[in-house]
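Undergrad: Sharing query-v5.cif, mmCIF, C-alpha atoms; chains and numbers go by the auth columns:
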data_target
loop_
_atom_site.group_PDB
_atom_site.id
_atom_site.type_symbol
_atom_site.label_atom_id
_atom_site.label_comp_id
_atom_site.label_asym_id
_atom_site.label_seq_id
_atom_site.Cartn_x
_atom_site.Cartn_y
_atom_site.Cartn_z
_atom_site.B_iso_or_equiv
_atom_site.auth_seq_id
_atom_site.auth_asym_id
ATOM 1 C CA MET A 1 -1.158 -35.826 -2.586 0.00 24 A
ATOM 2 C CA THR A 2 -4.715 -34.486 -2.725 0.00 25 A
ATOM 3 C CA ASP A 3 -5.300 -30.838 -1.891 0.00 26 A
ATOM 4 C CA PRO A 4 -8.336 -28.575 -2.302 0.00 27 A
ATOM 5 C CA ILE A 5 -6.347 -26.433 -4.724 0.00 28 A
ATOM 6 C CA LEU A 6 -6.464 -29.315 -7.186 0.00 29 A
ATOM 7 C CA ALA A 7 -10.233 -29.351 -7.617 0.00 30 A
ATOM 8 C CA PRO A 8 -11.582 -25.844 -8.131 0.00 31 A
ATOM 9 C CA ARG A 9 -15.327 -25.468 -8.705 0.00 32 A
ATOM 10 C CA PRO A 10 -16.408 -23.389 -11.732 0.00 33 A
ATOM 11 C CA ALA A 11 -18.433 -21.049 -9.499 0.00 34 A
ATOM 12 C CA GLU A 12 -15.378 -20.012 -7.527 0.00 35 A
ATOM 13 C CA GLY A 13 -12.653 -20.015 -10.150 0.00 36 A
ATOM 14 C CA GLY A 14 -14.471 -18.495 -13.116 0.00 37 A
ATOM 15 C CA ARG A 15 -15.355 -19.764 -16.562 0.00 38 A
ATOM 16 C CA MET A 16 -14.263 -23.194 -17.723 0.00 39 A
ATOM 17 C CA ARG A 17 -12.480 -23.275 -21.081 0.00 40 A
ATOM 18 C CA ALA A 18 -14.460 -24.528 -24.049 0.00 41 A
ATOM 19 C CA ALA A 19 -14.420 -28.265 -24.639 0.00 42 A
ATOM 20 C CA GLY A 20 -11.738 -29.240 -27.139 0.00 43 A
ATOM 21 C CA SER A 21 -9.910 -25.919 -26.933 0.00 44 A
ATOM 22 C CA PRO A 22 -6.249 -25.869 -25.887 0.00 45 A
ATOM 23 C CA ALA A 23 -5.281 -24.865 -22.373 0.00 46 A
ATOM 24 C CA VAL A 24 -4.660 -21.135 -21.924 0.00 47 A
ATOM 25 C CA ARG A 25 -1.111 -20.095 -21.103 0.00 48 A
ATOM 26 C CA PRO A 26 -0.925 -18.812 -17.497 0.00 49 A
ATOM 27 C CA ARG A 27 -0.146 -15.125 -17.011 0.00 50 A
ATOM 28 C CA ASP A 28 2.424 -14.072 -14.413 0.00 51 A
ATOM 29 C CA ALA A 29 0.836 -12.621 -11.283 0.00 52 A
ATOM 30 C CA ALA A 30 1.637 -11.899 -7.649 0.00 53 A
ATOM 31 C CA THR A 31 -0.445 -11.392 -4.538 0.00 54 A
ATOM 32 C CA LEU A 32 0.315 -10.150 -1.047 0.00 55 A
ATOM 33 C CA PHE A 33 -0.468 -11.830 2.278 0.00 56 A
ATOM 34 C CA ILE A 34 -0.217 -9.014 4.838 0.00 57 A
ATOM 35 C CA ILE A 35 0.001 -10.237 8.412 0.00 58 A
ATOM 36 C CA ARG A 36 -0.819 -8.089 11.428 0.00 59 A
ATOM 37 C CA ARG A 37 0.696 -9.101 14.784 0.00 60 A
ATOM 38 C CA ASP A 38 -0.512 -6.339 17.130 0.00 61 A
ATOM 39 C CA GLY A 39 -3.366 -8.337 18.682 0.00 62 A
ATOM 40 C CA ALA A 40 -3.845 -11.470 20.741 0.00 63 A
ATOM 41 C CA LYS A 41 -3.607 -13.546 17.532 0.00 64 A
ATOM 42 C CA PRO A 42 -2.170 -12.841 14.069 0.00 65 A
ATOM 43 C CA ARG A 43 -4.575 -11.365 11.529 0.00 66 A
ATOM 44 C CA VAL A 44 -4.505 -11.334 7.744 0.00 67 A
ATOM 45 C CA LEU A 45 -5.809 -8.704 5.354 0.00 68 A
ATOM 46 C CA MET A 46 -8.623 -9.979 3.133 0.00 69 A
ATOM 47 C CA GLY A 47 -10.665 -8.214 0.475 0.00 70 A
ATOM 48 C CA LYS A 48 -13.972 -9.120 -1.156 0.00 71 A
ATOM 49 C CA ARG A 49 -14.086 -9.265 -4.963 0.00 72 A
ATOM 50 C CA HIS A 50 -16.977 -7.691 -6.821 0.00 73 A
ATOM 51 C CA GLY A 51 -19.731 -10.002 -8.036 0.00 74 A
ATOM 52 C CA GLY A 52 -19.288 -8.743 -11.596 0.00 75 A
ATOM 53 C CA HIS A 53 -15.803 -10.248 -11.982 0.00 76 A
ATOM 54 C CA ASP A 54 -15.549 -13.313 -14.210 0.00 77 A
ATOM 55 C CA PHE A 55 -12.702 -14.690 -12.061 0.00 78 A
ATOM 56 C CA MET A 56 -13.455 -15.530 -8.415 0.00 79 A
ATOM 57 C CA PRO A 57 -16.552 -13.286 -8.078 0.00 80 A
ATOM 58 C CA ASN A 58 -17.908 -12.546 -4.568 0.00 81 A
ATOM 59 C CA LEU A 59 -15.002 -14.342 -2.889 0.00 82 A
ATOM 60 C CA TRP A 60 -12.561 -13.053 -0.289 0.00 83 A
ATOM 61 C CA VAL A 61 -8.954 -12.928 -1.485 0.00 84 A
ATOM 62 C CA PHE A 62 -5.563 -11.364 -0.845 0.00 85 A
ATOM 63 C CA PRO A 63 -4.865 -8.225 -2.895 0.00 86 A
ATOM 64 C CA GLY A 64 -2.901 -8.887 -6.042 0.00 87 A
ATOM 65 C CA GLY A 65 -2.975 -9.173 -9.809 0.00 88 A
ATOM 66 C CA ARG A 66 -1.069 -9.786 -12.990 0.00 89 A
ATOM 67 C CA ILE A 67 2.233 -8.227 -13.925 0.00 90 A
ATOM 68 C CA ASP A 68 2.272 -5.062 -16.049 0.00 91 A
ATOM 69 C CA LYS A 69 5.064 -3.878 -18.325 0.00 92 A
ATOM 70 C CA ALA A 70 5.370 -0.775 -16.122 0.00 93 A
ATOM 71 C CA ASP A 71 6.450 -3.018 -13.215 0.00 94 A
ATOM 72 C CA PHE A 72 9.766 -3.672 -14.974 0.00 95 A
ATOM 73 C CA ARG A 73 10.842 -0.031 -14.662 0.00 96 A
ATOM 74 C CA ALA A 74 9.089 1.163 -11.492 0.00 97 A
ATOM 75 C CA PRO A 75 11.326 2.779 -8.827 0.00 98 A
ATOM 76 C CA TYR A 76 11.660 1.319 -5.330 0.00 99 A
ATOM 77 C CA ALA A 77 13.056 2.362 -1.953 0.00 100 A
ATOM 78 C CA THR A 78 14.491 -1.002 -0.898 0.00 101 A
ATOM 79 C CA ASP A 79 15.331 -4.091 -2.929 0.00 102 A
ATOM 80 C CA LEU A 80 14.396 -7.737 -2.400 0.00 103 A
ATOM 81 C CA LYS A 81 16.278 -9.750 0.188 0.00 104 A
ATOM 82 C CA PRO A 82 18.939 -11.915 -1.513 0.00 105 A
ATOM 83 C CA ASP A 83 17.153 -15.212 -0.765 0.00 106 A
ATOM 84 C CA VAL A 84 13.823 -13.888 -2.067 0.00 107 A
ATOM 85 C CA ALA A 85 15.454 -12.481 -5.201 0.00 108 A
ATOM 86 C CA ALA A 86 17.235 -15.790 -5.799 0.00 109 A
ATOM 87 C CA LYS A 87 13.970 -17.755 -5.713 0.00 110 A
ATOM 88 C CA LEU A 88 12.032 -15.307 -7.872 0.00 111 A
ATOM 89 C CA GLU A 89 14.772 -14.744 -10.408 0.00 112 A
ATOM 90 C CA GLY A 90 15.778 -18.412 -10.394 0.00 113 A
ATOM 91 C CA HIS A 91 12.334 -19.263 -11.778 0.00 114 A
ATOM 92 C CA LYS A 92 11.371 -16.031 -13.561 0.00 115 A
ATOM 93 C CA GLY A 93 14.679 -14.392 -14.478 0.00 116 A
ATOM 94 C CA SER A 94 14.362 -10.656 -15.063 0.00 117 A
ATOM 95 C CA ARG A 95 10.652 -10.861 -14.144 0.00 118 A
ATOM 96 C CA GLY A 96 11.419 -11.536 -10.458 0.00 119 A
ATOM 97 C CA ARG A 97 11.569 -7.965 -9.165 0.00 120 A
ATOM 98 C CA ALA A 98 8.724 -6.952 -11.491 0.00 121 A
ATOM 99 C CA LEU A 99 6.515 -9.615 -9.881 0.00 122 A
ATOM 100 C CA ALA A 100 7.266 -8.215 -6.432 0.00 123 A
ATOM 101 C CA LEU A 101 6.511 -4.688 -7.631 0.00 124 A
ATOM 102 C CA ALA A 102 3.258 -5.931 -9.173 0.00 125 A
ATOM 103 C CA ALA A 103 2.151 -7.274 -5.776 0.00 126 A
ATOM 104 C CA VAL A 104 2.901 -3.934 -4.099 0.00 127 A
ATOM 105 C CA ARG A 105 1.197 -1.911 -6.832 0.00 128 A
ATOM 106 C CA GLU A 106 -1.893 -4.127 -6.899 0.00 129 A
ATOM 107 C CA THR A 107 -2.185 -3.947 -3.103 0.00 130 A
ATOM 108 C CA PHE A 108 -2.456 -0.181 -3.434 0.00 131 A
ATOM 109 C CA GLU A 109 -4.867 -0.362 -6.367 0.00 132 A
ATOM 110 C CA GLU A 110 -7.127 -2.975 -4.770 0.00 133 A
ATOM 111 C CA ALA A 111 -6.869 -2.243 -1.045 0.00 134 A
ATOM 112 C CA GLY A 112 -5.567 1.339 -0.887 0.00 135 A
ATOM 113 C CA LEU A 113 -2.574 0.336 1.276 0.00 136 A
ATOM 114 C CA LEU A 114 1.061 1.282 0.702 0.00 137 A
ATOM 115 C CA LEU A 115 3.822 -1.225 1.420 0.00 138 A
ATOM 116 C CA ALA A 116 6.383 1.506 1.034 0.00 139 A
ATOM 117 C CA LYS A 117 8.807 4.024 2.448 0.00 140 A
ATOM 118 C CA LYS A 118 7.937 7.703 2.476 0.00 141 A
ATOM 119 C CA ALA A 119 9.522 9.681 -0.339 0.00 142 A
ATOM 120 C CA ASP A 120 9.015 12.862 -2.290 0.00 143 A
ATOM 121 C CA PRO A 121 6.002 12.674 -4.622 0.00 144 A
ATOM 122 C CA ARG A 122 7.054 12.269 -8.219 0.00 145 A
ATOM 123 C CA PRO A 123 5.237 12.493 -11.547 0.00 146 A
ATOM 124 C CA ALA A 124 4.732 9.312 -13.529 0.00 147 A
ATOM 125 C CA ALA A 125 2.571 7.910 -16.294 0.00 148 A
ATOM 126 C CA GLY A 126 0.681 4.645 -16.352 0.00 149 A
ATOM 127 C CA PRO A 127 -0.351 2.379 -13.457 0.00 150 A
ATOM 128 C CA TRP A 128 2.307 3.708 -11.040 0.00 151 A
ATOM 129 C CA ARG A 129 1.152 7.332 -11.304 0.00 152 A
ATOM 130 C CA GLU A 130 -1.232 7.302 -8.319 0.00 153 A
ATOM 131 C CA PHE A 131 1.136 5.271 -6.124 0.00 154 A
ATOM 132 C CA LEU A 132 4.105 7.588 -6.644 0.00 155 A
ATOM 133 C CA ALA A 133 1.910 10.648 -6.204 0.00 156 A
ATOM 134 C CA GLN A 134 1.275 9.506 -2.611 0.00 157 A
ATOM 135 C CA GLY A 135 4.890 10.301 -1.709 0.00 158 A
ATOM 136 C CA ALA A 136 5.955 6.679 -1.422 0.00 159 A
ATOM 137 C CA LEU A 137 8.372 4.158 -2.923 0.00 160 A
ATOM 138 C CA PRO A 138 7.900 0.346 -2.682 0.00 161 A
ATOM 139 C CA ASP A 139 9.564 -1.437 0.244 0.00 162 A
ATOM 140 C CA LEU A 140 10.576 -4.713 -1.420 0.00 163 A
ATOM 141 C CA ASP A 141 12.804 -5.707 1.505 0.00 164 A
ATOM 142 C CA ALA A 142 9.585 -6.388 3.465 0.00 165 A
ATOM 143 C CA LEU A 143 8.649 -9.346 1.240 0.00 166 A
ATOM 144 C CA SER A 144 9.054 -13.090 1.668 0.00 167 A
ATOM 145 C CA ILE A 145 7.674 -15.972 -0.434 0.00 168 A
ATOM 146 C CA ILE A 146 5.107 -18.388 0.993 0.00 169 A
ATOM 147 C CA PHE A 147 3.535 -20.179 -1.995 0.00 170 A
ATOM 148 C CA ARG A 148 3.409 -20.464 -5.769 0.00 171 A
ATOM 149 C CA ALA A 149 0.476 -21.928 -7.689 0.00 172 A
ATOM 150 C CA VAL A 150 -0.603 -22.242 -11.299 0.00 173 A
ATOM 151 C CA THR A 151 -4.328 -22.136 -12.070 0.00 174 A
ATOM 152 C CA PRO A 152 -5.564 -25.543 -13.323 0.00 175 A
ATOM 153 C CA PRO A 153 -5.784 -25.968 -17.128 0.00 176 A
ATOM 154 C CA MET A 154 -9.555 -26.535 -17.233 0.00 177 A
ATOM 155 C CA LEU A 155 -10.194 -22.837 -16.559 0.00 178 A
ATOM 156 C CA ALA A 156 -10.498 -20.193 -19.282 0.00 179 A
ATOM 157 C CA LYS A 157 -8.404 -17.664 -17.337 0.00 180 A
ATOM 158 C CA ARG A 158 -5.134 -18.872 -15.794 0.00 181 A
ATOM 159 C CA PHE A 159 -2.374 -17.342 -13.658 0.00 182 A
ATOM 160 C CA ASP A 160 1.065 -18.381 -12.459 0.00 183 A
ATOM 161 C CA THR A 161 0.794 -16.686 -9.071 0.00 184 A
ATOM 162 C CA TRP A 162 3.479 -16.008 -6.474 0.00 185 A
ATOM 163 C CA PHE A 163 2.089 -15.493 -2.974 0.00 186 A
ATOM 164 C CA LEU A 164 4.276 -13.048 -1.065 0.00 187 A
ATOM 165 C CA MET A 165 4.031 -12.073 2.614 0.00 188 A
ATOM 166 C CA ALA A 166 4.798 -8.858 4.511 0.00 189 A
ATOM 167 C CA ASP A 167 4.213 -7.593 8.042 0.00 190 A
ATOM 168 C CA ALA A 168 1.571 -4.881 8.395 0.00 191 A
ATOM 169 C CA GLU A 169 4.055 -2.773 10.367 0.00 192 A
ATOM 170 C CA ARG A 170 5.850 -2.152 7.054 0.00 193 A
ATOM 171 C CA LEU A 171 2.778 -0.362 5.661 0.00 194 A
ATOM 172 C CA ILE A 172 2.939 3.424 5.680 0.00 195 A
ATOM 173 C CA SER A 173 -0.518 3.385 7.290 0.00 196 A
ATOM 174 C CA LEU A 174 -3.149 0.831 8.274 0.00 197 A
ATOM 175 C CA GLU A 175 -5.788 3.234 6.969 0.00 198 A
ATOM 176 C CA ARG A 176 -7.031 2.738 3.450 0.00 199 A
ATOM 177 C CA GLN A 177 -6.131 5.681 1.215 0.00 200 A
ATOM 178 C CA PRO A 178 -9.233 7.692 0.186 0.00 201 A
ATOM 179 C CA ASP A 179 -10.680 6.984 -3.257 0.00 202 A
ATOM 180 C CA CYS A 180 -8.455 3.917 -3.598 0.00 203 A
ATOM 181 C CA GLY A 181 -9.270 0.263 -3.707 0.00 204 A
ATOM 182 C CA GLU A 182 -10.995 -1.956 -6.265 0.00 205 A
ATOM 183 C CA LEU A 183 -12.051 -4.544 -3.685 0.00 206 A
ATOM 184 C CA GLU A 184 -15.584 -4.036 -2.395 0.00 207 A
ATOM 185 C CA GLU A 185 -14.399 -4.114 1.208 0.00 208 A
ATOM 186 C CA ILE A 186 -11.288 -5.032 3.158 0.00 209 A
ATOM 187 C CA ALA A 187 -10.888 -6.274 6.725 0.00 210 A
ATOM 188 C CA TRP A 188 -8.388 -7.934 9.068 0.00 211 A
ATOM 189 C CA PHE A 189 -9.278 -11.477 10.154 0.00 212 A
ATOM 190 C CA GLU A 190 -7.755 -13.941 12.583 0.00 213 A
ATOM 191 C CA PHE A 191 -6.760 -17.013 10.586 0.00 214 A
ATOM 192 C CA GLU A 192 -9.601 -19.187 11.870 0.00 215 A
ATOM 193 C CA ASP A 193 -12.154 -16.505 11.002 0.00 216 A
ATOM 194 C CA ALA A 194 -10.605 -16.024 7.560 0.00 217 A
ATOM 195 C CA LEU A 195 -11.001 -19.735 6.864 0.00 218 A
ATOM 196 C CA ALA A 196 -14.734 -19.409 7.560 0.00 219 A
ATOM 197 C CA LEU A 197 -15.148 -16.867 4.714 0.00 220 A
ATOM 198 C CA PRO A 198 -16.153 -17.820 1.156 0.00 221 A
ATOM 199 C CA LEU A 199 -12.661 -18.319 -0.265 0.00 222 A
ATOM 200 C CA PRO A 200 -11.035 -19.686 -3.397 0.00 223 A
ATOM 201 C CA MET A 201 -9.507 -23.043 -2.575 0.00 224 A
ATOM 202 C CA VAL A 202 -5.979 -21.795 -3.248 0.00 225 A
ATOM 203 C CA THR A 203 -6.501 -18.920 -0.794 0.00 226 A
ATOM 204 C CA ARG A 204 -7.655 -21.371 1.857 0.00 227 A
ATOM 205 C CA THR A 205 -4.582 -23.516 1.185 0.00 228 A
ATOM 206 C CA VAL A 206 -2.227 -20.526 1.511 0.00 229 A
ATOM 207 C CA ILE A 207 -3.753 -19.479 4.845 0.00 230 A
ATOM 208 C CA LYS A 208 -3.235 -22.987 6.204 0.00 231 A
ATOM 209 C CA GLU A 209 0.316 -23.051 4.856 0.00 232 A
ATOM 210 C CA THR A 210 1.055 -19.719 6.542 0.00 233 A
ATOM 211 C CA MET A 211 -0.311 -20.997 9.854 0.00 234 A
ATOM 212 C CA ALA A 212 2.142 -23.881 9.588 0.00 235 A
ATOM 213 C CA ARG A 213 4.953 -21.535 8.501 0.00 236 A
ATOM 214 C CA LEU A 214 4.566 -19.412 11.623 0.00 237 A
ATOM 215 C CA GLU A 215 5.288 -22.562 13.639 0.00 238 A
ATOM 216 C CA GLU A 216 8.056 -23.737 11.316 0.00 239 A
ATOM 217 C CA PRO A 217 9.624 -20.718 9.549 0.00 240 A
ATOM 218 C CA ASP A 218 12.201 -22.795 7.640 0.00 241 A
ATOM 219 C CA ARG A 219 9.693 -25.119 5.934 0.00 242 A
ATOM 220 C CA PRO A 220 10.124 -25.266 2.125 0.00 243 A
ATOM 221 C CA VAL A 221 7.943 -23.107 -0.111 0.00 244 A
ATOM 222 C CA PRO A 222 5.272 -25.176 -1.926 0.00 245 A
ATOM 223 C CA TYR A 223 4.836 -24.937 -5.691 0.00 246 A
ATOM 224 C CA MET A 224 1.639 -26.401 -7.155 0.00 247 A
ATOM 225 C CA ARG A 225 1.294 -26.941 -10.899 0.00 248 A
ATOM 226 C CA PHE A 226 -0.165 -29.388 -13.404 0.00 249 A
ATOM 227 C CA THR A 227 1.631 -31.684 -15.854 0.00 250 A
ATOM 228 C CA ALA A 228 -0.467 -33.319 -18.582 0.00 251 A
ATOM 229 C CA GLY A 229 -3.544 -32.503 -16.521 0.00 252 A
ATOM 230 C CA ALA A 230 -2.254 -34.128 -13.348 0.00 253 A
ATOM 231 C CA PRO A 231 -1.391 -32.124 -10.210 0.00 254 A
ATOM 232 C CA ARG A 232 2.207 -31.927 -9.101 0.00 255 A
ATOM 233 C CA LEU A 233 3.414 -30.577 -5.774 0.00 256 A
ATOM 234 C CA ARG A 234 7.040 -29.497 -5.633 0.00 257 A
ATOM 235 C CA HIS A 235 9.023 -27.013 -3.569 0.00 258 A
ATOM 236 C CA LEU A 236 10.925 -23.929 -4.661 0.00 259 A
#
Using the file provided, produce a representation of the structure as structure tokens.
TA:
Amino acid sequence: MTDPILAPRPAEGGRMRAAGSPAVRPRDAATLFIIRRDGAKPRVLMGKRHGGHDFMPNLWVFPGGRIDKADFRAPYATDLKPDVAAKLEGHKGSRGRALALAAVRETFEEAGLLLAKKADPRPAAGPWREFLAQGALPDLDALSIIFRAVTPPMLAKRFDTWFLMADAERLISLERQPDCGELEEIAWFEFEDALALPLPMVTRTVIKETMARLEEPDRPVPYMRFTAGAPRLRHL
């Protein structure tokens, strides 16, 4: 099967690894597809990456990032649904919940939005300090899995990324928190308009997959990876 995710261009995916050097081991990461259903058509949250990034500069993406050791001990208001936990932990063991927490934390850091329940503010150190100071705890029950993809081995920076989805109604607010957000700008786009943006190929693929998933909610979750340099499409 040929898919645009299989042929990233250096300009959109970042630096290529040096010729003759071994492939870089992918780092665990998670990203969040937030869908808004309060209009005539569904809309997805997209954010524009800064041009100075060496990975996907100037492209529109979903908020997300790599896992941090603090994600293994972060508090939460609600836990993952059993089927979501089974998929995450079946492939990542004890890293499953931490991946989900990474997606929620990175969504706050990059887009200034809280997928959370209101709670008493609490002190904390490290990357969760600002999130918990907002008076919020992560709402992991809001999450489902829509895609998993591993960055191709020809790139110098690689991620094993889980694409999670949540409804915008589970956000504490649709308004971006002041002084928050690493993305240059964020906006809500109908799917067709999102596909017209400058996107990484994997992001384009996930949008199309989600469009199909809204029509067929029980379709299997795709998993794209490479074996000996060749693409392999499986399902979780």
Undergrad: Measuring between all atoms listed in the file, which one of A:His258, A:Met177, A:Leu220, A:Ile230 shows the shortest distance to Ala46 (chain A)?
TA: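 Selected residue with least distance to Ala46 (chain A): A:Met177.
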Undergrad: Give the answer as one residue: which of A:Gly135, A:Pro49, A:Pro176, A:Gly62 has the shortest atom-to-atom distance to Arg89 (chain A), using all atoms listed in the file?
TA: A:Pro49
Undergrad: Return as an MDAnalysis selection string the set of residues that the PyMOL selection byres ((chain A and resi 204-218) around 9) yields on the displayed structure.
TA: chainID A and resid 58:59 64:73 83 86 130:136 199:203 219:222 226:227 230:231 234
Undergrad: Would you pick out the contacts of Trp151 (chain A) at 9 Å or less, using only C-alpha atoms, so that residues sharing its chain but fewer than 4 positions from it are not included, and give the list as a VMD selection string?
TA: chain A and resid 93 to 94 97 128 147 155 to 156
Undergrad: Generate the output file for the selected residues, C-alpha atoms, as a PDB file, in the frame of the given file.
TA:
ATOM      1  CA  ALA A  93       5.370  -0.775 -16.122  1.00  0.00           C
ATOM      2  CA  ASP A  94       6.450  -3.018 -13.215  1.00  0.00           C
ATOM      3  CA  ALA A  97       9.089   1.163 -11.492  1.00  0.00           C
ATOM      4  CA  ARG A 128       1.197  -1.911  -6.832  1.00  0.00           C
ATOM      5  CA  ALA A 147       4.732   9.312 -13.529  1.00  0.00           C
ATOM      6  CA  LEU A 155       4.105   7.588  -6.644  1.00  0.00           C
ATOM      7  CA  ALA A 156       1.910  10.648  -6.204  1.00  0.00           C
TER       8      ALA A 156
END
Undergrad: Could you list as a ChimeraX atom specification every residue that has an atom within 12 Å of (10.6, -27.0, -6.0), using the file's coordinates and counting all atoms listed in the file?
TA: /A:110-111,113-114,170-172,243-248,255-259
Undergrad: Separation of CA of Leu124 (chain A) and CA of Leu163 (chain A), in Å?
TA: 7.4 Å
Undergrad: For Ser117 (chain A), which of A:Lys92, A:Asp183, A:Ala159, A:Leu237 is the closest residue, counting only C-alpha atoms?
TA: A:Lys92
Undergrad: Kindly give the distance, in Å, that separates CA of Ala109 (chain A) and CA of Phe154 (chain A), rounded to a single decimal.
TA: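 We find that CA of Ala109 (chain A) and CA of Phe154 (chain A) lie 26.5 Å from each other.
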Undergrad: Rank nothing, just name the residue among A:Gly87, A:Gly116, A:Leu82, A:Ala165 nearest to Glu192 (chain A), using all atoms listed in the file.
TA: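 Looking at the shortest contact to Glu192 (chain A), the residue is A:Ala165.
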Undergrad: What is the CA of Glu238 (chain A)-CA of Val225 (chain A) distance in Å, reported with one decimal?
TA: 20.3 Å
Undergrad: Could you check the closest approach to Leu55 (chain A) for each of A:Leu166, A:Leu194, A:Ile90, A:Ala139 and tell me which residue wins, using only C-alpha atoms?
TA: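 Result for the nearest residue to Leu55 (chain A): A:Leu166.
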Undergrad: Can you rebuild region 179-200 of chain A with N, CA and C atoms and give it as an mmCIF file, in the frame of the given file?
TA:
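Writing done, so here's part-v6.cif:
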data_model
loop_
_atom_site.group_PDB
_atom_site.id
_atom_site.type_symbol
_atom_site.label_atom_id
_atom_site.label_comp_id
_atom_site.auth_asym_id
_atom_site.auth_seq_id
_atom_site.Cartn_x
_atom_site.Cartn_y
_atom_site.Cartn_z
ATOM 1 N N ALA A 179 -10.716 -21.052 -18.117
ATOM 2 C CA ALA A 179 -10.498 -20.193 -19.282
ATOM 3 C C ALA A 179 -9.498 -19.079 -18.993
ATOM 4 N N LYS A 180 -9.356 -18.698 -17.729
ATOM 5 C CA LYS A 180 -8.404 -17.664 -17.337
ATOM 6 C C LYS A 180 -7.438 -18.278 -16.335
ATOM 7 N N ARG A 181 -6.127 -18.188 -16.622
ATOM 8 C CA ARG A 181 -5.134 -18.872 -15.794
ATOM 9 C C ARG A 181 -4.018 -17.910 -15.381
ATOM 10 N N PHE A 182 -3.461 -18.159 -14.182
ATOM 11 C CA PHE A 182 -2.374 -17.342 -13.658
ATOM 12 C C PHE A 182 -1.310 -18.227 -13.030
ATOM 13 N N ASP A 183 -0.068 -17.809 -13.182
ATOM 14 C CA ASP A 183 1.065 -18.381 -12.459
ATOM 15 C C ASP A 183 1.349 -17.389 -11.335
ATOM 16 N N THR A 184 0.827 -17.684 -10.146
ATOM 17 C CA THR A 184 0.794 -16.686 -9.071
ATOM 18 C C THR A 184 1.802 -16.984 -7.982
ATOM 19 N N TRP A 185 2.566 -15.958 -7.613
ATOM 20 C CA TRP A 185 3.479 -16.008 -6.474
ATOM 21 C C TRP A 185 2.798 -15.328 -5.296
ATOM 22 N N PHE A 186 2.695 -16.035 -4.188
ATOM 23 C CA PHE A 186 2.089 -15.493 -2.974
ATOM 24 C C PHE A 186 3.214 -14.997 -2.070
ATOM 25 N N LEU A 187 3.249 -13.691 -1.875
ATOM 26 C CA LEU A 187 4.276 -13.048 -1.065
ATOM 27 C C LEU A 187 3.676 -12.616 0.264
ATOM 28 N N MET A 188 4.511 -12.468 1.286
ATOM 29 C CA MET A 188 4.031 -12.073 2.614
ATOM 30 C C MET A 188 4.832 -10.887 3.117
ATOM 31 N N ALA A 189 4.147 -9.998 3.869
ATOM 32 C CA ALA A 189 4.798 -8.858 4.511
ATOM 33 C C ALA A 189 4.081 -8.555 5.816
ATOM 34 N N ASP A 190 4.813 -8.021 6.780
ATOM 35 C CA ASP A 190 4.213 -7.593 8.042
ATOM 36 C C ASP A 190 3.504 -6.260 7.858
ATOM 37 N N ALA A 191 2.346 -6.117 8.499
ATOM 38 C CA ALA A 191 1.571 -4.881 8.395
ATOM 39 C C ALA A 191 2.337 -3.674 8.925
ATOM 40 N N GLU A 192 3.291 -3.899 9.820
ATOM 41 C CA GLU A 192 4.055 -2.773 10.367
ATOM 42 C C GLU A 192 4.913 -2.101 9.300
ATOM 43 N N ARG A 193 5.089 -2.758 8.143
ATOM 44 C CA ARG A 193 5.850 -2.152 7.054
ATOM 45 C C ARG A 193 4.970 -1.286 6.145
ATOM 46 N N LEU A 194 3.660 -1.270 6.397
ATOM 47 C CA LEU A 194 2.778 -0.362 5.661
ATOM 48 C C LEU A 194 2.991 1.065 6.145
ATOM 49 N N ILE A 195 2.859 2.027 5.259
ATOM 50 C CA ILE A 195 2.939 3.424 5.680
ATOM 51 C C ILE A 195 1.809 3.749 6.648
ATOM 52 N N SER A 196 0.627 3.181 6.412
ATOM 53 C CA SER A 196 -0.518 3.385 7.290
ATOM 54 C C SER A 196 -1.438 2.178 7.189
ATOM 55 N N LEU A 197 -2.138 1.887 8.285
ATOM 56 C CA LEU A 197 -3.149 0.831 8.274
ATOM 57 C C LEU A 197 -4.468 1.331 7.707
ATOM 58 N N GLU A 198 -4.566 2.642 7.500
ATOM 59 C CA GLU A 198 -5.788 3.234 6.969
ATOM 60 C C GLU A 198 -5.776 3.194 5.444
ATOM 61 N N ARG A 199 -6.880 2.775 4.895
ATOM 62 C CA ARG A 199 -7.031 2.738 3.450
ATOM 63 C C ARG A 199 -6.999 4.154 2.886
ATOM 64 N N GLN A 200 -6.204 4.366 1.834
ATOM 65 C CA GLN A 200 -6.131 5.681 1.215
ATOM 66 C C GLN A 200 -7.487 6.049 0.606
#
